[in-house]
Amino acid sequence: MAVTGELTEQFAHAVLPETTSEEYSRQEFVKSLKFHLASTVSLGIKAAYQVRAQPQFKQAKGREPETYREVQHAMAGEPYYQFWSAMQRNSQEMMWKAAQVPVERQLPSLIDAFKNASGSKGSLTLDPTLETPRYHRLVDIHCMPGGYHTEFAEEDIANGAVYDRAVYVYVMGRMGPLNSDIGDSTANFIKAKFPDLKPRRILDMGCGVGHSTLSYVDAYPDAEVHGIDVGAPMLRYAHARAESLGKPVHYSQQNAEKMNFPDGYFDLIVSHILVHETSHVAIRNIMRETNRLLSPGGVVAHTETPPYRQLEPFDAFMLDWDTRNNNEPFWGASHEIVPADMAEETGFEGAKAFEGLQPSAYESADAQRTKVFQGGDFGGGGAWYIWGVQK
Ligand SMILES: C[S@@+](CC[C@H](N)C(=O)[O-])C[C@H]1O[C@@H](n2cnc3c(N)ncnc32)[C@H](O)[C@@H]1O
């Protein structure tokens, strides 16, 4: 489904935090600052590279930088890059704060809205005994205070609410009023690549607040849709959000490395921007687990930004900003995954692996895209990288 029409405000479902005019203008300021950094300030980094860092590297080594790591070493002391990077990091910190303040102010009423959630035939199953994976306990992922799992109150949904609003600011509204671009684009890719796939059950791993999950309710109306995540506040919020939007989803708190569904239960398993937030070991566990859970002929697909091997070294260096500056320790390594090798390693047939770039489903956002892949400009490239394997 291609989405047309003008870019609009974020859709006000039952648990979207309300903002006062002051809170709203603070969030809008962060959005504008991010857009300015991505579309204008960042252009000077390439100029600084070409004028200073690249010639200096060439003089020292007698050749051009060949990898993004070499570009990174060449650029480390470049003041223009340092300035952009500091501003980028600040915009990230400002974004979380600007999203947190309204949530803190109205948390009791948001929790009430969660408790009263109804309207669809979805469900929510939490597991208070589930251990949060080490790769989430050790860092506040992408500088989000408390990450996805921390609970500040009984039946807390705070970090789900913060995440929902912050993502809208982070992507500068370009993923649509429901932040659904990644799910919509991935569903389009799967429908085109596997036209005969008629999934009875679909699983979205690392579903978060369900930004991408709901796309599958629309794309495959006859399927039963499940979403799992490790973070209880995300899932409570996801459940209340889906109920308010009238989309039936079965959410449960599980680690994608080891789930409680029976063998062969799903015909389609997807993840959206999950892989880069796991670890070297975890992604292999997840792939083995999806192998167990898929029916014969079933498909697993993961959506991320493009792998570094498809980019020029300078562009890969820019996209890699998050690894070193935004508490995304597995970002870089996840962009070096080779689908066929990963498939072989985890019990699939390498020959049945696939990868591709899918244009964003949200066409009307194109005018605001920078068309480059760079740290802090998520979705700016206007295409999503989808890789996976058919069982
Ligand atoms: C960047 S968010 C993406 C959310 C959602 N997929 C989307 O498209 O908006 C990553 C999510 O994956 C979850 N996650 C990370 N590791 C996980 C794991 N091992 N098992 C289940 N969920 C996980 C996090 O809690 C978080 O909600």
# chains A, B, ... in the order shown; residues from 1 in each chain; ligands from 1
call {"tool": "closest_atom_pairs", "arguments": {"of": "chain A", "to": "ligand 1", "cutoff": "8 Å", "atoms": "only C-alpha atoms and all ligand atoms", "output": "CSV"}}
result
residue,atom,partner,partner_atom_place_in_ligand_line,distance
A:Pro133,CA,ligand 1,19 (N),6.5
A:Tyr135,CA,ligand 1,16 (N),7.9
A:His136,CA,ligand 1,16 (N),7.2
A:Gly147,CA,ligand 1,25 (O),7.8
A:Tyr148,CA,ligand 1,25 (O),4.9
A:His149,CA,ligand 1,25 (O),6.7
A:Asn179,CA,ligand 1,9 (O),7.5
A:Ser180,CA,ligand 1,8 (O),7.5
A:Ile182,CA,ligand 1,8 (O),6.3
A:Gly183,CA,ligand 1,8 (O),6.6
A:Asp204,CA,ligand 1,6 (N),7.3
A:Met205,CA,ligand 1,21 (C),5.9
A:Gly206,CA,ligand 1,12 (O),3.4
A:Cys207,CA,ligand 1,6 (N),4.0
A:Gly208,CA,ligand 1,27 (O),3.4
A:Val209,CA,ligand 1,4 (C),6.5
A:Gly210,CA,ligand 1,5 (C),6.0
A:His211,CA,ligand 1,9 (O),4.6
A:Ser212,CA,ligand 1,8 (O),4.6
A:Thr213,CA,ligand 1,8 (O),7.3
A:Ile228,CA,ligand 1,21 (C),6.0
A:Asp229,CA,ligand 1,22 (N),3.6
A:Val230,CA,ligand 1,22 (N),4.5
A:Gly231,CA,ligand 1,25 (O),4.8
A:Met234,CA,ligand 1,27 (O),6.2
A:Gln253,CA,ligand 1,21 (C),7.7
A:Gln254,CA,ligand 1,21 (C),5.9
A:Asn255,CA,ligand 1,20 (N),3.6
A:Ala256,CA,ligand 1,20 (N),3.8
A:Glu257,CA,ligand 1,19 (N),5.6
A:Ser271,CA,ligand 1,6 (N),5.9
A:His272,CA,ligand 1,6 (N),4.3
A:Ile273,CA,ligand 1,1 (C),5.0
A:Leu274,CA,ligand 1,10 (C),4.5
A:Val275,CA,ligand 1,16 (N),7.6
A:Glu277,CA,ligand 1,15 (C),5.8
A:Thr278,CA,ligand 1,16 (N),5.3
A:Ala282,CA,ligand 1,19 (N),6.7
A:Ile286,CA,ligand 1,19 (N),7.5
call {"tool": "write_last_selection", "arguments": {"atoms": "C-alpha atoms", "output": "JSON list (two decimals), in the first residue's frame"}}
result
[["chain", "number", "residue", "atom", "x", "y", "z"],
["A", 133, "PRO", "CA", 18.63, -9.29, 28.19],
["A", 135, "TYR", "CA", 22.37, -5.96, 26.05],
["A", 136, "HIS", "CA", 19.46, -3.86, 27.29],
["A", 147, "GLY", "CA", 15.49, 1.83, 28.02],
["A", 148, "TYR", "CA", 12.46, -0.23, 27.08],
["A", 149, "HIS", "CA", 12.08, -2.24, 30.26],
["A", 179, "ASN", "CA", 4.79, 5.87, 12.71],
["A", 180, "SER", "CA", 3.95, 2.86, 10.54],
["A", 182, "ILE", "CA", 8.63, 0.47, 8.35],
["A", 183, "GLY", "CA", 5.79, -2.04, 8.79],
["A", 204, "ASP", "CA", 6.34, -9.43, 14.95],
["A", 205, "MET", "CA", 9.44, -9.79, 17.16],
["A", 206, "GLY", "CA", 10.58, -6.77, 19.20],
["A", 207, "CYS", "CA", 7.24, -5.15, 18.41],
["A", 208, "GLY", "CA", 7.76, -2.20, 20.78],
["A", 209, "VAL", "CA", 4.55, -0.16, 20.93],
["A", 210, "GLY", "CA", 3.29, -1.79, 17.73],
["A", 211, "HIS", "CA", 4.24, 0.89, 15.19],
["A", 212, "SER", "CA", 5.00, -1.81, 12.60],
["A", 213, "THR", "CA", 2.79, -4.63, 13.93],
["A", 228, "ILE", "CA", 6.39, -10.04, 21.39],
["A", 229, "ASP", "CA", 8.77, -7.77, 23.24],
["A", 230, "VAL", "CA", 10.91, -7.87, 26.38],
["A", 231, "GLY", "CA", 9.67, -4.51, 27.71],
["A", 234, "MET", "CA", 6.09, -1.06, 25.71],
["A", 253, "GLN", "CA", 6.26, -10.47, 26.94],
["A", 254, "GLN", "CA", 8.96, -12.79, 25.63],
["A", 255, "ASN", "CA", 12.57, -12.77, 24.56],
["A", 256, "ALA", "CA", 12.86, -13.43, 20.80],
["A", 257, "GLU", "CA", 15.86, -15.66, 21.54],
["A", 271, "SER", "CA", 11.14, -7.76, 12.87],
["A", 272, "HIS", "CA", 11.63, -4.04, 12.35],
["A", 273, "ILE", "CA", 14.72, -2.25, 13.66],
["A", 274, "LEU", "CA", 15.14, -5.03, 16.25],
["A", 275, "VAL", "CA", 18.30, -6.70, 14.94],
["A", 277, "GLU", "CA", 19.51, -3.54, 19.12],
["A", 278, "THR", "CA", 20.46, -7.13, 19.97],
["A", 282, "ALA", "CA", 21.38, -12.93, 20.31],
["A", 286, "ILE", "CA", 16.82, -15.42, 17.25]]
call {"tool": "select_by_dssp", "arguments": {"residues": "range 294-325 of chain A", "states": "strand (DSSP E)", "output": "ChimeraX atom specification"}}
result
/A:294-304
call {"tool": "atom_distance", "arguments": {"atom1": "CA of Glu363 in chain A", "atom2": "CA of Pro307 in chain A"}}
result
22.9 Å
call {"tool": "residues_around", "arguments": {"residues": "Thr305 in chain A", "least_positions_apart": "4", "cutoff": "9 Å", "atoms": "only C-alpha atoms", "output": "list in words"}}
result
Ile273, Leu319, His335, Leu357, Phe373, Phe378, Gly379, Gly381, Ala383, Trp384, Tyr385 and Ile386 of chain A
call {"tool": "write_last_selection", "arguments": {"atoms": "N, CA and C atoms", "output": "PDB file, in the first residue's frame"}}
result
ATOM      1  N   ILE A 273      13.691  -2.920  12.865  1.00  0.00           N
ATOM      2  CA  ILE A 273      14.719  -2.248  13.663  1.00  0.00           C
ATOM      3  C   ILE A 273      14.932  -2.911  15.028  1.00  0.00           C
ATOM      4  N   LEU A 319      26.518   6.773   8.468  1.00  0.00           N
ATOM      5  CA  LEU A 319      25.429   5.939   9.005  1.00  0.00           C
ATOM      6  C   LEU A 319      25.847   5.267  10.314  1.00  0.00           C
ATOM      7  N   HIS A 335      25.145  -4.095  10.721  1.00  0.00           N
ATOM      8  CA  HIS A 335      25.161  -3.636   9.329  1.00  0.00           C
ATOM      9  C   HIS A 335      26.193  -4.381   8.486  1.00  0.00           C
ATOM     10  N   LEU A 357      16.165  -3.630  -1.172  1.00  0.00           N
ATOM     11  CA  LEU A 357      15.826  -2.283  -0.686  1.00  0.00           C
ATOM     12  C   LEU A 357      14.390  -1.991  -1.084  1.00  0.00           C
ATOM     13  N   PHE A 373      21.672   8.151   3.731  1.00  0.00           N
ATOM     14  CA  PHE A 373      21.612   7.372   4.960  1.00  0.00           C
ATOM     15  C   PHE A 373      22.683   7.922   5.884  1.00  0.00           C
ATOM     16  N   PHE A 378      17.010   9.098  10.618  1.00  0.00           N
ATOM     17  CA  PHE A 378      16.414   7.788  10.383  1.00  0.00           C
ATOM     18  C   PHE A 378      15.303   7.874   9.339  1.00  0.00           C
ATOM     19  N   GLY A 379      15.413   7.058   8.312  1.00  0.00           N
ATOM     20  CA  GLY A 379      14.409   7.098   7.248  1.00  0.00           C
ATOM     21  C   GLY A 379      14.681   8.170   6.214  1.00  0.00           C
ATOM     22  N   GLY A 381      16.923   8.301   4.046  1.00  0.00           N
ATOM     23  CA  GLY A 381      17.292   7.707   2.762  1.00  0.00           C
ATOM     24  C   GLY A 381      16.082   7.364   1.902  1.00  0.00           C
ATOM     25  N   ALA A 383      14.367   4.551   1.875  1.00  0.00           N
ATOM     26  CA  ALA A 383      14.208   3.132   1.541  1.00  0.00           C
ATOM     27  C   ALA A 383      14.635   2.305   2.748  1.00  0.00           C
ATOM     28  N   TRP A 384      14.051   1.134   2.861  1.00  0.00           N
ATOM     29  CA  TRP A 384      14.390   0.231   3.964  1.00  0.00           C
ATOM     30  C   TRP A 384      15.073  -1.011   3.406  1.00  0.00           C
ATOM     31  N   TYR A 385      16.048  -1.511   4.140  1.00  0.00           N
ATOM     32  CA  TYR A 385      16.759  -2.737   3.743  1.00  0.00           C
ATOM     33  C   TYR A 385      16.077  -3.922   4.440  1.00  0.00           C
ATOM     34  N   ILE A 386      15.667  -4.889   3.645  1.00  0.00           N
ATOM     35  CA  ILE A 386      14.958  -6.048   4.202  1.00  0.00           C
ATOM     36  C   ILE A 386      15.744  -7.305   3.844  1.00  0.00           C
TER      37      ILE A 386
END
call {"tool": "closest_atom_pairs", "arguments": {"of": "range 250-367 of chain A", "to": "range 186-199 of chain A", "cutoff": "10 Å", "atoms": "only C-alpha atoms", "output": "CSV"}}
result
residue,atom,partner,partner_atom,distance
A:Phe266,CA,A:Pro199,CA,7.5
A:Asp267,CA,A:Pro199,CA,5.0
A:Leu268,CA,A:Pro199,CA,6.0
A:Ile269,CA,A:Pro199,CA,9.6
A:Val270,CA,A:Thr186,CA,8.6
A:Ser271,CA,A:Thr186,CA,9.3
A:His272,CA,A:Thr186,CA,8.4
A:Ser295,CA,A:Pro199,CA,9.8
A:Gly297,CA,A:Leu197,CA,8.4
A:Gly298,CA,A:Leu197,CA,7.9
A:Val299,CA,A:Leu197,CA,8.6
A:Val300,CA,A:Ile190,CA,9.8
A:Ala301,CA,A:Ile190,CA,8.2
A:His302,CA,A:Thr186,CA,8.5
A:Thr303,CA,A:Thr186,CA,7.0
A:Phe354,CA,A:Lys193,CA,9.7
A:Gly356,CA,A:Phe189,CA,8.5
A:Leu357,CA,A:Phe189,CA,8.7
A:Gln358,CA,A:Phe189,CA,6.3
A:Pro359,CA,A:Phe189,CA,8.9
A:Ser360,CA,A:Thr186,CA,8.9
A:Ala361,CA,A:Asn188,CA,7.7
call {"tool": "write_last_selection", "arguments": {"atoms": "N, CA and C atoms", "output": "PDB file, in the first residue's frame"}}
result
ATOM      1  N   PHE A 266       4.158 -20.355  13.000  1.00  0.00           N
ATOM      2  CA  PHE A 266       3.978 -19.142  12.179  1.00  0.00           C
ATOM      3  C   PHE A 266       4.359 -19.373  10.715  1.00  0.00           C
ATOM      4  N   ASP A 267       3.636 -18.685   9.828  1.00  0.00           N
ATOM      5  CA  ASP A 267       3.979 -18.710   8.397  1.00  0.00           C
ATOM      6  C   ASP A 267       4.819 -17.487   8.027  1.00  0.00           C
ATOM      7  N   LEU A 268       4.732 -16.458   8.833  1.00  0.00           N
ATOM      8  CA  LEU A 268       5.511 -15.242   8.570  1.00  0.00           C
ATOM      9  C   LEU A 268       6.001 -14.676   9.901  1.00  0.00           C
ATOM     10  N   ILE A 269       7.311 -14.455   9.972  1.00  0.00           N
ATOM     11  CA  ILE A 269       7.895 -13.833  11.168  1.00  0.00           C
ATOM     12  C   ILE A 269       8.672 -12.603  10.700  1.00  0.00           C
ATOM     13  N   VAL A 270       8.419 -11.476  11.330  1.00  0.00           N
ATOM     14  CA  VAL A 270       9.073 -10.233  10.909  1.00  0.00           C
ATOM     15  C   VAL A 270       9.699  -9.541  12.120  1.00  0.00           C
ATOM     16  N   SER A 271      10.659  -8.694  11.835  1.00  0.00           N
ATOM     17  CA  SER A 271      11.144  -7.763  12.866  1.00  0.00           C
ATOM     18  C   SER A 271      11.488  -6.460  12.179  1.00  0.00           C
ATOM     19  N   HIS A 272      11.353  -5.373  12.899  1.00  0.00           N
ATOM     20  CA  HIS A 272      11.629  -4.040  12.350  1.00  0.00           C
ATOM     21  C   HIS A 272      12.521  -3.302  13.327  1.00  0.00           C
ATOM     22  N   SER A 295       6.685 -22.535   9.789  1.00  0.00           N
ATOM     23  CA  SER A 295       6.149 -23.710   9.071  1.00  0.00           C
ATOM     24  C   SER A 295       6.972 -23.887   7.791  1.00  0.00           C
ATOM     25  N   GLY A 297       8.125 -23.550   4.195  1.00  0.00           N
ATOM     26  CA  GLY A 297       7.767 -22.499   3.224  1.00  0.00           C
ATOM     27  C   GLY A 297       7.548 -21.143   3.864  1.00  0.00           C
ATOM     28  N   GLY A 298       7.576 -21.112   5.197  1.00  0.00           N
ATOM     29  CA  GLY A 298       7.379 -19.840   5.908  1.00  0.00           C
ATOM     30  C   GLY A 298       8.573 -18.905   5.721  1.00  0.00           C
ATOM     31  N   VAL A 299       8.355 -17.646   6.036  1.00  0.00           N
ATOM     32  CA  VAL A 299       9.362 -16.611   5.746  1.00  0.00           C
ATOM     33  C   VAL A 299       9.680 -15.822   7.010  1.00  0.00           C
ATOM     34  N   VAL A 300      10.994 -15.571   7.217  1.00  0.00           N
ATOM     35  CA  VAL A 300      11.389 -14.606   8.251  1.00  0.00           C
ATOM     36  C   VAL A 300      12.041 -13.410   7.543  1.00  0.00           C
ATOM     37  N   ALA A 301      11.660 -12.204   7.945  1.00  0.00           N
ATOM     38  CA  ALA A 301      12.211 -10.993   7.314  1.00  0.00           C
ATOM     39  C   ALA A 301      12.515  -9.947   8.385  1.00  0.00           C
ATOM     40  N   HIS A 302      13.706  -9.361   8.278  1.00  0.00           N
ATOM     41  CA  HIS A 302      14.138  -8.312   9.213  1.00  0.00           C
ATOM     42  C   HIS A 302      14.352  -7.015   8.442  1.00  0.00           C
ATOM     43  N   THR A 303      13.890  -5.903   8.988  1.00  0.00           N
ATOM     44  CA  THR A 303      14.047  -4.616   8.300  1.00  0.00           C
ATOM     45  C   THR A 303      14.949  -3.675   9.105  1.00  0.00           C
ATOM     46  N   PHE A 354      17.396 -13.949   1.210  1.00  0.00           N
ATOM     47  CA  PHE A 354      17.102 -12.841   0.286  1.00  0.00           C
ATOM     48  C   PHE A 354      17.456 -11.518   0.955  1.00  0.00           C
ATOM     49  N   GLY A 356      16.929  -6.982  -0.018  1.00  0.00           N
ATOM     50  CA  GLY A 356      16.489  -5.992  -0.999  1.00  0.00           C
ATOM     51  C   GLY A 356      16.227  -4.657  -0.341  1.00  0.00           C
ATOM     52  N   LEU A 357      16.165  -3.630  -1.172  1.00  0.00           N
ATOM     53  CA  LEU A 357      15.826  -2.283  -0.686  1.00  0.00           C
ATOM     54  C   LEU A 357      14.390  -1.991  -1.084  1.00  0.00           C
ATOM     55  N   GLN A 358      13.581  -1.603  -0.143  1.00  0.00           N
ATOM     56  CA  GLN A 358      12.177  -1.316  -0.423  1.00  0.00           C
ATOM     57  C   GLN A 358      11.919   0.176  -0.238  1.00  0.00           C
ATOM     58  N   PRO A 359      11.378   0.852  -1.290  1.00  0.00           N
ATOM     59  CA  PRO A 359      11.073   2.279  -1.111  1.00  0.00           C
ATOM     60  C   PRO A 359      10.048   2.481   0.001  1.00  0.00           C
ATOM     61  N   SER A 360      10.179   3.571   0.700  1.00  0.00           N
ATOM     62  CA  SER A 360       9.237   3.892   1.763  1.00  0.00           C
ATOM     63  C   SER A 360       7.806   3.901   1.243  1.00  0.00           C
ATOM     64  N   ALA A 361       6.881   3.361   2.037  1.00  0.00           N
ATOM     65  CA  ALA A 361       5.467   3.368   1.658  1.00  0.00           C
ATOM     66  C   ALA A 361       4.890   4.769   1.789  1.00  0.00           C
TER      67      ALA A 361
END
call {"tool": "closest_residue", "arguments": {"among": "A:Ala223, A:Ala14, A:Leu245, A:Ala365", "to": "Asp181 in chain A", "atoms": "only C-alpha atoms"}}
result
A:Ala365
call {"tool": "residues_around", "arguments": {"residues": "Tyr308 in chain A", "least_positions_apart": "2", "cutoff": "10 Å", "atoms": "only C-alpha atoms", "output": "VMD selection string"}}
result
chain A and resid 67 to 68 305 to 306 310 to 317 319 to 320 332 to 337
call {"tool": "decode", "arguments": {"residues": "range 211-246 of chain A", "atoms": "N, CA and C atoms", "output": "PDB file, in the first residue's frame"}}
result
ATOM      1  N   HIS A 211       4.229   0.001  16.367  1.00  0.00           N
ATOM      2  CA  HIS A 211       4.240   0.891  15.193  1.00  0.00           C
ATOM      3  C   HIS A 211       4.186   0.086  13.895  1.00  0.00           C
ATOM      4  N   SER A 212       4.928  -1.019  13.846  1.00  0.00           N
ATOM      5  CA  SER A 212       4.997  -1.807  12.605  1.00  0.00           C
ATOM      6  C   SER A 212       4.012  -2.974  12.628  1.00  0.00           C
ATOM      7  N   THR A 213       3.646  -3.434  13.813  1.00  0.00           N
ATOM      8  CA  THR A 213       2.790  -4.631  13.935  1.00  0.00           C
ATOM      9  C   THR A 213       1.443  -4.436  13.243  1.00  0.00           C
ATOM     10  N   LEU A 214       0.858  -3.255  13.445  1.00  0.00           N
ATOM     11  CA  LEU A 214      -0.510  -3.050  12.945  1.00  0.00           C
ATOM     12  C   LEU A 214      -0.585  -3.104  11.422  1.00  0.00           C
ATOM     13  N   SER A 215       0.537  -2.870  10.746  1.00  0.00           N
ATOM     14  CA  SER A 215       0.552  -2.950   9.273  1.00  0.00           C
ATOM     15  C   SER A 215       0.117  -4.330   8.803  1.00  0.00           C
ATOM     16  N   TYR A 216       0.447  -5.359   9.604  1.00  0.00           N
ATOM     17  CA  TYR A 216       0.139  -6.736   9.188  1.00  0.00           C
ATOM     18  C   TYR A 216      -1.334  -7.082   9.411  1.00  0.00           C
ATOM     19  N   VAL A 217      -1.959  -6.399  10.361  1.00  0.00           N
ATOM     20  CA  VAL A 217      -3.405  -6.587  10.554  1.00  0.00           C
ATOM     21  C   VAL A 217      -4.120  -6.106   9.293  1.00  0.00           C
ATOM     22  N   ASP A 218      -3.628  -5.000   8.729  1.00  0.00           N
ATOM     23  CA  ASP A 218      -4.236  -4.459   7.508  1.00  0.00           C
ATOM     24  C   ASP A 218      -3.821  -5.251   6.269  1.00  0.00           C
ATOM     25  N   ALA A 219      -2.537  -5.642   6.200  1.00  0.00           N
ATOM     26  CA  ALA A 219      -2.033  -6.298   4.981  1.00  0.00           C
ATOM     27  C   ALA A 219      -2.581  -7.722   4.841  1.00  0.00           C
ATOM     28  N   TYR A 220      -2.772  -8.403   5.973  1.00  0.00           N
ATOM     29  CA  TYR A 220      -3.263  -9.796   5.953  1.00  0.00           C
ATOM     30  C   TYR A 220      -4.454  -9.917   6.902  1.00  0.00           C
ATOM     31  N   PRO A 221      -5.619  -9.412   6.500  1.00  0.00           N
ATOM     32  CA  PRO A 221      -6.756  -9.341   7.437  1.00  0.00           C
ATOM     33  C   PRO A 221      -7.235 -10.701   7.944  1.00  0.00           C
ATOM     34  N   ASP A 222      -6.897 -11.786   7.237  1.00  0.00           N
ATOM     35  CA  ASP A 222      -7.348 -13.107   7.711  1.00  0.00           C
ATOM     36  C   ASP A 222      -6.377 -13.746   8.695  1.00  0.00           C
ATOM     37  N   ALA A 223      -5.220 -13.140   8.885  1.00  0.00           N
ATOM     38  CA  ALA A 223      -4.205 -13.766   9.751  1.00  0.00           C
ATOM     39  C   ALA A 223      -4.392 -13.365  11.211  1.00  0.00           C
ATOM     40  N   GLU A 224      -3.885 -14.245  12.098  1.00  0.00           N
ATOM     41  CA  GLU A 224      -3.835 -13.917  13.529  1.00  0.00           C
ATOM     42  C   GLU A 224      -2.466 -13.275  13.759  1.00  0.00           C
ATOM     43  N   VAL A 225      -2.451 -12.074  14.307  1.00  0.00           N
ATOM     44  CA  VAL A 225      -1.182 -11.335  14.432  1.00  0.00           C
ATOM     45  C   VAL A 225      -0.729 -11.317  15.893  1.00  0.00           C
ATOM     46  N   HIS A 226       0.557 -11.698  16.093  1.00  0.00           N
ATOM     47  CA  HIS A 226       1.156 -11.698  17.435  1.00  0.00           C
ATOM     48  C   HIS A 226       2.333 -10.719  17.465  1.00  0.00           C
ATOM     49  N   GLY A 227       2.547 -10.100  18.617  1.00  0.00           N
ATOM     50  CA  GLY A 227       3.720  -9.241  18.810  1.00  0.00           C
ATOM     51  C   GLY A 227       4.371  -9.603  20.127  1.00  0.00           C
ATOM     52  N   ILE A 228       5.697  -9.778  20.111  1.00  0.00           N
ATOM     53  CA  ILE A 228       6.387 -10.044  21.386  1.00  0.00           C
ATOM     54  C   ILE A 228       7.468  -8.992  21.604  1.00  0.00           C
ATOM     55  N   ASP A 229       7.728  -8.737  22.877  1.00  0.00           N
ATOM     56  CA  ASP A 229       8.769  -7.771  23.244  1.00  0.00           C
ATOM     57  C   ASP A 229       9.228  -8.106  24.656  1.00  0.00           C
ATOM     58  N   VAL A 230      10.437  -7.650  25.011  1.00  0.00           N
ATOM     59  CA  VAL A 230      10.908  -7.870  26.381  1.00  0.00           C
ATOM     60  C   VAL A 230      10.408  -6.789  27.342  1.00  0.00           C
ATOM     61  N   GLY A 231       9.998  -5.648  26.833  1.00  0.00           N
ATOM     62  CA  GLY A 231       9.669  -4.515  27.706  1.00  0.00           C
ATOM     63  C   GLY A 231       8.190  -4.442  28.053  1.00  0.00           C
ATOM     64  N   ALA A 232       7.863  -4.611  29.348  1.00  0.00           N
ATOM     65  CA  ALA A 232       6.451  -4.561  29.763  1.00  0.00           C
ATOM     66  C   ALA A 232       5.799  -3.200  29.500  1.00  0.00           C
ATOM     67  N   PRO A 233       6.492  -2.070  29.777  1.00  0.00           N
ATOM     68  CA  PRO A 233       5.832  -0.780  29.501  1.00  0.00           C
ATOM     69  C   PRO A 233       5.505  -0.591  28.021  1.00  0.00           C
ATOM     70  N   MET A 234       6.352  -1.151  27.152  1.00  0.00           N
ATOM     71  CA  MET A 234       6.086  -1.062  25.709  1.00  0.00           C
ATOM     72  C   MET A 234       4.823  -1.850  25.369  1.00  0.00           C
ATOM     73  N   LEU A 235       4.727  -3.048  25.942  1.00  0.00           N
ATOM     74  CA  LEU A 235       3.613  -3.942  25.595  1.00  0.00           C
ATOM     75  C   LEU A 235       2.280  -3.438  26.139  1.00  0.00           C
ATOM     76  N   ARG A 236       2.303  -2.898  27.356  1.00  0.00           N
ATOM     77  CA  ARG A 236       1.038  -2.361  27.898  1.00  0.00           C
ATOM     78  C   ARG A 236       0.539  -1.241  26.985  1.00  0.00           C
ATOM     79  N   TYR A 237       1.481  -0.386  26.618  1.00  0.00           N
ATOM     80  CA  TYR A 237       1.119   0.741  25.746  1.00  0.00           C
ATOM     81  C   TYR A 237       0.666   0.227  24.380  1.00  0.00           C
ATOM     82  N   ALA A 238       1.398  -0.759  23.847  1.00  0.00           N
ATOM     83  CA  ALA A 238       1.058  -1.324  22.525  1.00  0.00           C
ATOM     84  C   ALA A 238      -0.364  -1.881  22.539  1.00  0.00           C
ATOM     85  N   HIS A 239      -0.700  -2.572  23.634  1.00  0.00           N
ATOM     86  CA  HIS A 239      -2.026  -3.184  23.751  1.00  0.00           C
ATOM     87  C   HIS A 239      -3.104  -2.107  23.771  1.00  0.00           C
ATOM     88  N   ALA A 240      -2.905  -1.080  24.627  1.00  0.00           N
ATOM     89  CA  ALA A 240      -3.911  -0.018  24.735  1.00  0.00           C
ATOM     90  C   ALA A 240      -4.047   0.722  23.403  1.00  0.00           C
ATOM     91  N   ARG A 241      -2.919   0.936  22.735  1.00  0.00           N
ATOM     92  CA  ARG A 241      -2.923   1.656  21.444  1.00  0.00           C
ATOM     93  C   ARG A 241      -3.679   0.847  20.396  1.00  0.00           C
ATOM     94  N   ALA A 242      -3.383  -0.450  20.304  1.00  0.00           N
ATOM     95  CA  ALA A 242      -4.031  -1.292  19.285  1.00  0.00           C
ATOM     96  C   ALA A 242      -5.532  -1.390  19.546  1.00  0.00           C
ATOM     97  N   GLU A 243      -5.897  -1.524  20.848  1.00  0.00           N
ATOM     98  CA  GLU A 243      -7.326  -1.619  21.174  1.00  0.00           C
ATOM     99  C   GLU A 243      -8.039  -0.328  20.763  1.00  0.00           C
ATOM    100  N   SER A 244      -7.380   0.786  21.044  1.00  0.00           N
ATOM    101  CA  SER A 244      -8.041   2.068  20.723  1.00  0.00           C
ATOM    102  C   SER A 244      -8.166   2.256  19.216  1.00  0.00           C
ATOM    103  N   LEU A 245      -7.271   1.640  18.460  1.00  0.00           N
ATOM    104  CA  LEU A 245      -7.327   1.765  16.998  1.00  0.00           C
ATOM    105  C   LEU A 245      -8.159   0.646  16.362  1.00  0.00           C
ATOM    106  N   GLY A 246      -8.690  -0.249  17.209  1.00  0.00           N
ATOM    107  CA  GLY A 246      -9.548  -1.332  16.706  1.00  0.00           C
ATOM    108  C   GLY A 246      -8.791  -2.374  15.904  1.00  0.00           C
TER     109      GLY A 246
END
